[in-house]
file work_20.txt (compact mmCIF, C-alpha atoms)
# COMPACT_ATOMS: atom_id res chain seq x y z
CA MET N 1 83.74 -133.35 -7.20
CA LYS N 2 80.79 -134.91 -8.92
CA ILE N 3 78.14 -132.34 -9.78
CA VAL N 4 74.66 -132.97 -11.15
CA ILE N 5 72.78 -130.06 -12.75
CA ILE N 6 69.09 -130.23 -13.67
CA GLY N 7 68.06 -127.77 -16.36
CA CYS N 8 70.36 -126.57 -19.13
CA GLY N 9 69.15 -122.99 -19.28
CA ARG N 10 71.52 -120.03 -19.26
CA VAL N 11 72.51 -120.48 -15.65
CA GLY N 12 72.73 -124.26 -15.85
CA ALA N 13 74.89 -124.16 -18.97
CA VAL N 14 77.27 -121.53 -17.58
CA LEU N 15 77.72 -123.50 -14.36
CA ALA N 16 78.19 -126.79 -16.19
CA GLU N 17 81.01 -125.33 -18.24
CA ALA N 18 82.59 -123.60 -15.26
CA PHE N 19 82.68 -126.80 -13.20
CA ASP N 20 83.92 -128.76 -16.19
CA THR N 21 86.74 -126.28 -16.83
CA ALA N 22 87.68 -126.46 -13.16
CA GLY N 23 88.15 -130.20 -13.61
CA HIS N 24 85.02 -131.54 -11.93
CA GLU N 25 82.85 -134.37 -13.14
CA VAL N 26 79.62 -132.84 -14.48
CA VAL N 27 76.28 -134.39 -15.49
CA ILE N 28 73.67 -132.02 -16.88
CA ILE N 29 70.08 -133.11 -17.52
CA ASP N 30 67.36 -131.38 -19.51
CA LEU N 31 64.03 -132.42 -21.02
CA SER N 32 65.06 -131.04 -24.39
CA THR N 33 68.16 -131.88 -26.38
CA ARG N 34 68.02 -128.42 -27.98
CA ALA N 35 68.89 -126.92 -24.61
CA PHE N 36 72.32 -128.55 -24.88
CA GLU N 37 73.13 -126.26 -27.82
CA ARG N 38 73.99 -123.72 -25.13
CA LEU N 39 77.00 -125.84 -24.18
CA SER N 40 80.22 -125.18 -26.04
CA SER N 41 81.86 -127.91 -28.07
CA GLU N 42 84.64 -128.06 -25.51
CA PHE N 43 82.30 -129.31 -22.78
CA ARG N 44 83.54 -132.73 -21.67
CA GLY N 45 80.82 -133.63 -19.18
CA GLN N 46 77.74 -135.76 -19.73
CA ALA N 47 74.64 -134.10 -21.21
CA VAL N 48 71.60 -136.34 -20.82
CA ARG N 49 68.06 -135.79 -22.04
CA GLY N 50 65.63 -136.83 -19.33
CA ASP N 51 63.28 -135.85 -16.53
CA GLY N 52 65.21 -134.63 -13.51
CA THR N 53 62.30 -135.43 -11.19
CA ASP N 54 62.35 -139.09 -12.19
CA GLU N 55 64.34 -141.07 -9.64
CA ASP N 56 65.09 -143.83 -12.15
CA VAL N 57 66.58 -141.33 -14.59
CA LEU N 58 68.73 -139.80 -11.87
CA ARG N 59 70.03 -143.19 -10.80
CA ARG N 60 70.82 -144.11 -14.39
CA VAL N 61 72.96 -141.03 -14.91
CA GLY N 62 74.89 -141.80 -11.75
CA ALA N 63 73.52 -139.09 -9.46
CA VAL N 64 73.80 -141.37 -6.42
CA GLY N 65 76.30 -139.97 -3.97
CA ALA N 66 77.01 -136.80 -5.95
CA ASP N 67 78.81 -134.04 -4.07
CA ALA N 68 76.46 -131.34 -5.30
CA PHE N 69 73.03 -131.41 -6.91
CA LEU N 70 71.72 -128.19 -8.46
CA ALA N 71 68.09 -128.03 -9.62
CA LEU N 72 67.84 -125.00 -11.90
CA THR N 73 64.86 -125.51 -14.23
CA GLU N 74 62.18 -122.88 -14.75
CA GLY N 75 59.74 -124.79 -12.51
CA ASP N 76 59.98 -124.11 -8.78
CA ASN N 77 58.20 -127.32 -7.90
CA ARG N 78 60.24 -129.47 -10.20
CA ASN N 79 63.39 -128.06 -8.66
CA VAL N 80 62.14 -128.66 -5.14
CA MET N 81 61.09 -132.21 -5.93
CA ALA N 82 64.35 -133.07 -7.73
CA ALA N 83 66.40 -131.70 -4.82
CA GLN N 84 64.34 -133.68 -2.30
CA ILE N 85 64.80 -136.89 -4.31
CA ALA N 86 68.54 -136.19 -4.33
CA MET N 87 68.74 -135.64 -0.57
CA GLU N 88 66.34 -138.36 0.55
CA LYS N 89 66.92 -141.12 -1.97
CA LEU N 90 70.26 -140.62 -3.65
CA GLU N 91 72.52 -139.80 -0.69
CA VAL N 92 73.58 -136.54 -2.24
CA ASN N 93 75.70 -134.37 -0.02
CA ARG N 94 74.36 -130.92 -0.87
CA ALA N 95 71.31 -130.01 -2.90
CA MET N 96 70.14 -126.61 -4.03
CA ALA N 97 66.86 -125.72 -5.71
CA LYS N 98 66.12 -122.53 -7.58
CA VAL N 99 62.78 -121.34 -6.18
CA ASN N 100 61.40 -118.07 -7.51
CA ASP N 101 58.52 -117.81 -5.02
CA PRO N 102 60.09 -116.27 -1.88
CA VAL N 103 57.57 -117.97 0.45
CA ARG N 104 58.37 -121.38 -0.95
CA ALA N 105 62.10 -120.60 -0.97
CA ALA N 106 62.09 -119.89 2.76
CA ALA N 107 59.78 -122.81 3.57
CA TYR N 108 61.97 -125.34 1.78
CA ALA N 109 65.15 -124.14 3.44
CA GLU N 110 63.39 -125.20 6.63
CA LEU N 111 62.82 -128.62 5.10
CA GLY N 112 66.49 -129.25 4.44
CA ILE N 113 67.15 -127.90 0.95
CA ALA N 114 69.23 -124.86 0.19
CA THR N 115 67.26 -122.50 -2.03
CA ILE N 116 68.14 -119.58 -4.25
CA CYS N 117 65.45 -117.05 -5.05
CA ARG N 118 65.76 -114.96 -8.19
CA THR N 119 62.86 -112.73 -7.12
CA THR N 120 64.62 -111.70 -3.92
CA MET N 121 68.00 -111.37 -5.64
CA LEU N 122 66.79 -109.15 -8.46
CA SER N 123 64.45 -106.98 -6.44
CA ASP N 124 67.11 -106.37 -3.80
CA ALA N 125 69.75 -105.56 -6.41
CA ILE N 126 67.43 -103.11 -8.13
CA GLN N 127 66.37 -101.46 -4.88
CA THR N 128 70.01 -101.03 -3.93
CA PHE N 129 70.73 -99.55 -7.37
CA VAL N 130 68.10 -96.85 -6.92
CA GLY N 131 69.28 -96.19 -3.39
CA LEU N 132 66.65 -98.03 -1.34
CA ARG N 133 67.24 -100.69 1.26
CA GLY N 134 66.36 -104.16 0.05
CA SER N 135 64.39 -106.82 1.91
CA GLY N 136 67.50 -107.91 3.79
CA MET N 137 66.66 -111.50 2.84
CA PRO N 138 69.68 -113.54 1.77
CA SER N 139 69.65 -114.53 -1.89
CA VAL N 140 70.78 -118.02 -0.98
CA ILE N 141 69.00 -119.56 1.98
CA ASP N 142 70.99 -122.46 3.31
CA ALA N 143 69.26 -125.57 4.58
CA VAL N 144 68.18 -125.08 8.18
CA ALA N 145 67.10 -128.56 9.22
CA HIS N 146 69.77 -130.68 7.61
CA HIS N 147 68.87 -133.90 5.86
CA HIS N 148 66.17 -135.34 8.05
CA GLN N 149 65.81 -139.08 8.27
CA GLY N 150 62.32 -140.48 8.48
CA PRO N 151 59.29 -138.22 8.52
CA PRO N 152 59.94 -134.52 8.13
CA PRO N 153 59.90 -132.20 11.13
CA PRO N 154 56.49 -131.77 12.72
CA ALA N 155 54.06 -129.18 11.46
CA GLY N 156 54.97 -125.70 12.52
CA ALA N 157 58.65 -126.10 11.73
CA ALA N 158 58.30 -123.48 9.04
CA ALA N 159 55.99 -121.25 11.07
CA ALA N 160 58.69 -118.64 11.55
CA VAL N 161 58.61 -117.78 7.88
CA GLY N 162 56.35 -114.85 7.08
CA THR N 163 53.88 -114.97 4.24
CA THR N 164 54.36 -111.36 3.26
CA GLY N 165 56.25 -110.25 0.21
CA ALA N 166 55.24 -113.19 -1.96
CA ALA N 167 55.61 -111.38 -5.22
CA GLY N 168 57.26 -114.15 -7.16
CA ALA N 169 55.90 -115.37 -10.43
CA ALA N 170 54.58 -118.91 -10.48
CA GLY N 171 57.10 -121.37 -11.82
CA GLY N 172 56.15 -121.88 -15.43
CA LYS N 173 57.09 -124.91 -17.45
CA ALA N 174 60.35 -124.66 -19.31
CA MET H 1 34.64 -130.26 7.02
CA PHE H 2 36.58 -127.63 5.04
CA VAL H 3 38.36 -129.14 2.08
CA LEU H 4 40.77 -127.23 -0.16
CA VAL H 5 41.03 -128.84 -3.59
CA VAL H 6 43.96 -127.76 -5.78
CA GLY H 7 43.75 -128.45 -9.50
CA GLY H 8 40.59 -127.93 -11.54
CA GLY H 9 41.06 -130.66 -14.12
CA LYS H 10 38.57 -133.49 -14.47
CA VAL H 11 39.48 -135.04 -11.13
CA GLY H 12 39.38 -131.76 -9.21
CA TYR H 13 36.14 -130.69 -10.82
CA TYR H 14 34.19 -133.86 -10.07
CA LEU H 15 35.75 -134.14 -6.62
CA THR H 16 34.61 -130.61 -5.79
CA ARG H 17 31.09 -131.30 -7.01
CA GLU H 18 30.81 -134.52 -5.03
CA LEU H 19 32.12 -132.86 -1.88
CA ILE H 20 29.62 -130.02 -2.18
CA ASP H 21 26.80 -132.50 -2.74
CA SER H 22 27.72 -134.29 0.45
CA GLY H 23 27.59 -131.05 2.39
CA HIS H 24 31.24 -130.08 2.83
CA GLU H 25 32.70 -126.62 2.58
CA VAL H 26 35.00 -126.58 -0.44
CA VAL H 27 37.35 -124.13 -2.10
CA LEU H 28 38.85 -125.08 -5.47
CA MET H 29 42.08 -123.53 -6.73
CA GLU H 30 42.74 -123.53 -10.47
CA ARG H 31 45.52 -121.43 -11.98
CA ASP H 32 44.12 -121.24 -15.50
CA PRO H 33 41.69 -118.27 -15.36
CA GLY H 34 39.61 -119.54 -18.28
CA ARG H 35 39.08 -122.93 -16.73
CA ALA H 36 38.51 -121.36 -13.31
CA SER H 37 35.70 -119.08 -14.51
CA GLN H 38 34.14 -121.93 -16.46
CA ILE H 39 33.92 -124.00 -13.28
CA ALA H 40 32.74 -120.99 -11.27
CA ASP H 41 29.87 -120.50 -13.76
CA GLU H 42 28.78 -124.05 -13.15
CA ILE H 43 29.18 -124.55 -9.43
CA GLY H 44 29.36 -121.08 -7.94
CA SER H 45 31.93 -118.70 -6.54
CA ILE H 46 34.07 -121.15 -4.62
CA VAL H 47 36.87 -121.06 -7.18
CA VAL H 48 40.12 -119.20 -6.57
CA ALA H 49 41.75 -118.48 -9.93
CA HIS H 50 45.32 -118.68 -8.71
CA ASP H 51 48.24 -121.07 -8.51
CA GLY H 52 47.82 -123.33 -5.49
CA CYS H 53 51.58 -123.89 -5.35
CA GLU H 54 52.21 -120.34 -4.30
CA GLY H 55 52.27 -119.60 -0.59
CA LYS H 56 50.51 -116.27 -0.88
CA TYR H 57 47.49 -117.68 -2.70
CA LEU H 58 47.21 -120.73 -0.48
CA ASP H 59 46.99 -118.30 2.39
CA GLU H 60 44.28 -116.27 0.66
CA ALA H 61 42.29 -119.40 -0.10
CA GLY H 62 42.13 -120.14 3.63
CA CYS H 63 44.65 -122.97 3.67
CA ASN H 64 45.47 -122.40 7.35
CA ARG H 65 41.97 -123.40 8.43
CA ALA H 66 41.55 -126.33 6.01
CA ASP H 67 40.89 -129.77 7.51
CA ILE H 68 42.01 -131.48 4.33
CA VAL H 69 44.05 -130.36 1.34
CA ALA H 70 43.68 -132.51 -1.78
CA ALA H 71 46.30 -131.87 -4.47
CA VAL H 72 44.95 -133.38 -7.68
CA THR H 73 46.74 -131.57 -10.51
CA GLY H 74 48.26 -133.57 -13.34
CA ASP H 75 51.82 -132.84 -12.22
CA ASP H 76 53.42 -134.85 -9.46
CA GLU H 77 55.88 -132.14 -8.47
CA ASP H 78 53.06 -129.61 -8.04
CA ASN H 79 51.05 -132.02 -5.92
CA LEU H 80 54.05 -132.74 -3.72
CA VAL H 81 54.78 -129.06 -3.12
CA ILE H 82 51.12 -128.21 -2.45
CA CYS H 83 50.93 -130.94 0.21
CA GLN H 84 54.25 -130.01 1.80
CA MET H 85 53.34 -126.31 1.96
CA ALA H 86 49.94 -127.21 3.42
CA LYS H 87 51.43 -129.55 5.99
CA HIS H 88 54.52 -127.66 7.10
CA HIS H 89 53.61 -124.07 6.44
CA PHE H 90 49.88 -124.03 7.15
CA ASP H 91 49.57 -126.91 9.67
CA VAL H 92 46.89 -128.72 7.70
CA PRO H 93 46.10 -131.99 9.51
CA ARG H 94 45.50 -134.14 6.45
CA THR H 95 46.99 -133.93 2.97
CA ILE H 96 46.11 -136.05 -0.04
CA ALA H 97 48.15 -136.16 -3.24
CA ARG H 98 47.47 -137.62 -6.64
CA VAL H 99 50.61 -139.35 -7.92
CA ASN H 100 51.04 -140.26 -11.57
CA ASN H 101 54.50 -141.82 -11.59
CA PRO H 102 54.32 -144.91 -9.34
CA THR H 103 58.00 -144.53 -8.38
CA ASN H 104 57.08 -141.28 -6.63
CA GLU H 105 54.74 -142.97 -4.16
CA ALA H 106 57.43 -143.92 -1.68
CA LEU H 107 59.05 -140.49 -1.88
CA PHE H 108 55.77 -138.68 -1.24
CA ARG H 109 55.01 -140.90 1.74
CA HIS H 110 58.53 -140.39 3.07
CA LEU H 111 58.21 -136.64 2.70
CA GLY H 112 55.09 -136.54 4.84
CA VAL H 113 52.11 -136.62 2.47
CA ASP H 114 49.37 -138.36 4.47
CA GLU H 115 47.56 -140.10 1.68
CA ILE H 116 48.64 -141.03 -1.82
CA ILE H 117 46.29 -141.88 -4.66
CA SER H 118 47.94 -143.37 -7.71
CA PRO H 119 45.62 -143.86 -10.69
CA THR H 120 48.46 -145.52 -12.61
CA ARG H 121 49.00 -148.07 -9.86
CA MET H 122 45.27 -148.74 -9.56
CA ILE H 123 44.81 -149.42 -13.26
CA LEU H 124 48.01 -151.48 -13.34
CA GLY H 125 46.79 -153.57 -10.42
CA SER H 126 43.51 -154.18 -12.15
CA ILE H 127 45.21 -155.26 -15.38
CA GLU H 128 47.63 -157.56 -13.60
CA GLN H 129 44.73 -159.35 -11.94
CA ASP H 130 43.39 -160.25 -15.36
CA ILE H 131 46.66 -161.70 -16.60
CA PRO H 132 47.15 -165.23 -15.37
CA VAL H 133 50.56 -165.47 -13.76
CA HIS H 134 50.79 -169.19 -14.42
CA GLU H 135 51.13 -168.90 -18.12
CA LEU H 136 53.15 -170.63 -20.74
CA LEU H 137 55.34 -168.33 -22.74
CA HIS H 138 55.53 -168.86 -26.47
CA LEU H 139 59.11 -168.20 -27.45
CA ALA H 140 59.12 -169.02 -31.16
CA ALA H 141 57.31 -170.93 -33.87
CA LEU H 142 59.32 -173.55 -35.73
CA GLY H 143 59.21 -173.05 -39.47
CA ASP H 144 56.03 -174.07 -41.27
CA SER H 145 55.06 -176.83 -38.84
CA ASP H 146 52.68 -176.15 -36.00
CA LEU H 147 55.50 -176.81 -33.56
CA GLU H 148 56.64 -174.10 -31.21
CA ILE H 149 59.15 -173.51 -28.48
CA ILE H 150 57.45 -172.92 -25.17
CA GLU H 151 58.78 -171.78 -21.82
CA ALA H 152 57.20 -172.67 -18.48
CA HIS H 153 58.26 -170.82 -15.35
CA LEU H 154 57.87 -173.19 -12.40
CA GLN H 155 56.38 -171.64 -9.30
CA ALA H 156 55.63 -172.97 -5.84
CA GLY H 157 52.69 -175.35 -6.11
CA SER H 158 53.63 -176.63 -9.53
CA PRO H 159 53.18 -180.43 -9.74
CA ALA H 160 56.54 -180.73 -11.53
CA VAL H 161 58.61 -179.30 -8.66
CA GLY H 162 60.69 -181.98 -6.97
CA ARG H 163 60.17 -184.42 -9.81
CA SER H 164 62.22 -185.35 -12.83
CA PRO H 165 61.03 -185.27 -16.44
CA SER H 166 60.83 -189.07 -16.54
CA GLU H 167 58.17 -188.95 -13.84
CA LEU H 168 56.01 -186.54 -15.81
CA SER H 169 53.66 -187.76 -18.49
CA MET H 170 54.27 -185.63 -21.50
CA PRO H 171 51.71 -185.33 -24.25
CA GLU H 172 52.63 -187.12 -27.46
CA GLY H 173 54.86 -185.13 -29.78
CA CYS H 174 56.02 -182.85 -27.02
CA SER H 175 59.41 -182.94 -25.39
CA LEU H 176 61.18 -181.02 -22.68
CA PHE H 177 64.71 -180.30 -23.74
CA ALA H 178 66.33 -177.72 -21.51
CA VAL H 179 66.09 -176.01 -18.17
CA VAL H 180 67.25 -172.51 -17.29
CA ARG H 181 68.26 -172.28 -13.66
CA ASN H 182 69.81 -169.11 -12.20
CA GLY H 183 70.40 -167.83 -15.69
CA VAL H 184 72.30 -170.94 -16.79
CA ALA H 185 70.80 -173.17 -19.47
CA THR H 186 71.43 -176.93 -19.22
CA PRO H 187 70.06 -179.82 -21.25
CA LEU H 188 67.27 -181.59 -19.41
CA ARG H 189 68.12 -185.19 -18.55
CA GLY H 190 65.75 -187.91 -17.40
CA ASP H 191 67.03 -187.60 -13.84
CA THR H 192 67.16 -183.79 -13.49
CA VAL H 193 65.06 -182.79 -10.48
CA LEU H 194 63.02 -179.68 -11.21
CA ALA H 195 62.86 -176.86 -8.69
CA VAL H 196 60.89 -173.68 -8.04
CA GLY H 197 62.14 -170.86 -10.27
CA ASP H 198 63.25 -173.17 -13.08
CA LYS H 199 62.34 -172.20 -16.60
CA VAL H 200 61.59 -175.35 -18.55
CA ILE H 201 61.90 -175.12 -22.32
CA ALA H 202 59.75 -177.46 -24.38
CA ILE H 203 58.99 -178.16 -28.04
CA GLY H 204 55.52 -179.24 -28.94
CA GLY H 205 52.47 -178.79 -31.11
CA THR H 206 49.89 -176.19 -30.20
CA ASP H 207 47.42 -178.96 -29.38
CA CYS H 208 49.49 -180.31 -26.48
CA GLU H 209 49.53 -177.01 -24.62
CA ALA H 210 46.70 -177.82 -22.21
CA LEU H 211 48.38 -181.04 -21.03
CA LEU H 212 51.74 -179.33 -20.81
CA ARG H 213 50.25 -176.62 -18.63
CA ASP H 214 48.68 -179.23 -16.33
CA GLN H 215 51.98 -181.08 -15.98
CA LEU H 216 54.28 -178.12 -15.48
CA LEU H 217 52.17 -175.37 -13.97
CA GLY H 218 49.25 -177.17 -12.38
CA ALA H 219 45.70 -175.95 -12.24
CA ASN H 220 45.27 -172.43 -13.49
CA LEU H 221 44.74 -169.51 -11.11
CA GLU H 222 40.98 -169.41 -11.31
CA ASP H 223 40.67 -173.10 -10.56
CA GLN H 224 42.98 -172.64 -7.60
CA ALA H 225 40.95 -169.71 -6.33
CA VAL H 226 37.74 -171.72 -6.61
CA ALA H 227 39.40 -174.70 -4.92
CA GLY H 228 40.65 -172.45 -2.15
CA GLU H 229 37.23 -171.01 -1.62
CA THR H 230 35.49 -174.35 -1.38
CA ALA H 231 38.17 -175.60 0.99
CA THR H 232 37.60 -172.77 3.46
CA ARG H 233 33.86 -173.25 3.47

call {"tool": "encode", "arguments": {"input": "work_20.txt", "output": "structure tokens"}}
result
Amino acid sequence: MKIVIIGCGRVGAVLAEAFDTAGHEVVIIDLSTRAFERLSSEFRGQAVRGDGTDEDVLRRVGAVGADAFLALTEGDNRNVMAAQIAMEKLEVNRAMAKVNDPVRAAAYAELGIATICRTTMLSDAIQTFVGLRGSGMPSVIDAVAHHHQGPPPPAGAAAAVGTTGAAGAAGGKA
Amino acid sequence: MFVLVVGGGKVGYYLTRELIDSGHEVVLMERDPGRASQIADEIGSIVVAHDGCEGKYLDEAGCNRADIVAAVTGDDEDNLVICQMAKHHFDVPRTIARVNNPTNEALFRHLGVDEIISPTRMILGSIEQDIPVHELLHLAALGDSDLEIIEAHLQAGSPAVGRSPSELSMPEGCSLFAVVRNGVATPLRGDTVLAVGDKVIAIGGTDCEALLRDQLLGANLEDQAVAGETATR
């Protein structure tokens, strides 16, 4: 499989190495070359400095037609935009964006991107640890409306998603 | 009209002021509390000091009853998400995004943003208007003489198209010596017929440039525009 990862933070770096060890073709992109110090010297994939929300950059690193595209930077919006570019412009098969705001995470699943929400994951894990019941929200929300062609679904498509429980921190810049 | 402006930079600030002056109801969202209170001091308590990308705060700012949401922060990804949340989550009828990277324009449009304003594109367009397209390109100067190698890119309407070099009257001391066609350079012979898209390479003194331009490129753009105008009158 060809896997493109945006953001070489802790999670990005761990995944890059895991996919590489498993024999997959990995490209990892980050705005800072220092971030690549997290990768071990055994990493055989491509590590490219660049902006993962820039379509030209993504094309240059060969993201077109990738099997999986994982946007894992510290910025919710950057992740969402990168994943949308991947799905809409680069014929990527599956795209996932890390979105720490639960409202946005649910809304974007409705727009065709799988999302993973750290806020929901952590708060549920902690509530379970102290013996409470969590939110019951899945930590990974798979894409509901898959890869729309043309204009997105009409307004109201995401109306089913509640606006309560938005406790997530705003996506800061990495 | 109720307009929700997100981003309290220069653009958002002046936009908000203008909208208020023309009698609209406006709420401005600015996530930096310092900047937000500074603006609130100046134009009143219509500023929400929160991140307009976050669903919860958009809701609190009254996004669901907004007629227009204008996302004018300095970050394209933020503006995209603000407009998409407004459109798909809050049913806002009209969304406007500022786009800085021109390559993002098509994506934003495709993803349902109603209106796209690209300052980069606007300034670029304005600069390109000032650069004559029909221009000779100076490739290199030859040693100490005043001779130089010049390239002329033939476009439709050029008087040289369909003619051969022997039919053109070259200024004295100037010679055409090669043509680049489809990326292939060939020596220019007396009977070569020139075509649109050809790049003609010439050697000449700087003083013969005006004549060379007349022969290879034709009247310059401004003259053409004036000629066109008088013709339609």

call {"tool": "residues_around", "arguments": {"input": "work_20.txt", "residues": "Arg181 of chain H", "least_positions_apart": "4", "cutoff": "7 Å", "atoms": "all atoms listed in the file", "output": "CSV table (one decimal) with C-alpha atoms, in the coordinates of the input"}}
result
chain,number,residue,atom,x,y,z
H,185,ALA,CA,70.8,-173.2,-19.5
H,198,ASP,CA,63.2,-173.2,-13.1
H,199,LYS,CA,62.3,-172.2,-16.6

call {"tool": "residues_around", "arguments": {"input": "work_20.txt", "residues": "segment 141-150 of chain H", "least_positions_apart": "5", "cutoff": "9 Å", "atoms": "all atoms listed in the file", "output": "ChimeraX atom specification"}}
result
/H:136,174,200-207,209

call {"tool": "interface_residues", "arguments": {"input": "work_20.txt", "of": "chain H", "to": "chain N", "cutoff": "8 Å", "atoms": "only C-alpha atoms", "output": "list of chain:residue names"}}
result
H:Asp51, H:Cys53, H:Glu54, H:Gly55, H:Lys56, H:Asp59, H:Glu77, H:Asp78, H:Leu80, H:Val81, H:Met85, H:Lys87, H:His88, H:His89, H:Phe90, H:Asp91, H:Thr103, H:Asn104, H:Leu107, H:His110, H:Leu111, H:Gly112

call {"tool": "closest_residue", "arguments": {"input": "work_20.txt", "among": "N:Ile6, N:Cys117, N:Leu31, N:Phe43", "to": "Ala18 of chain N", "atoms": "all atoms listed in the file"}}
result
N:Phe43
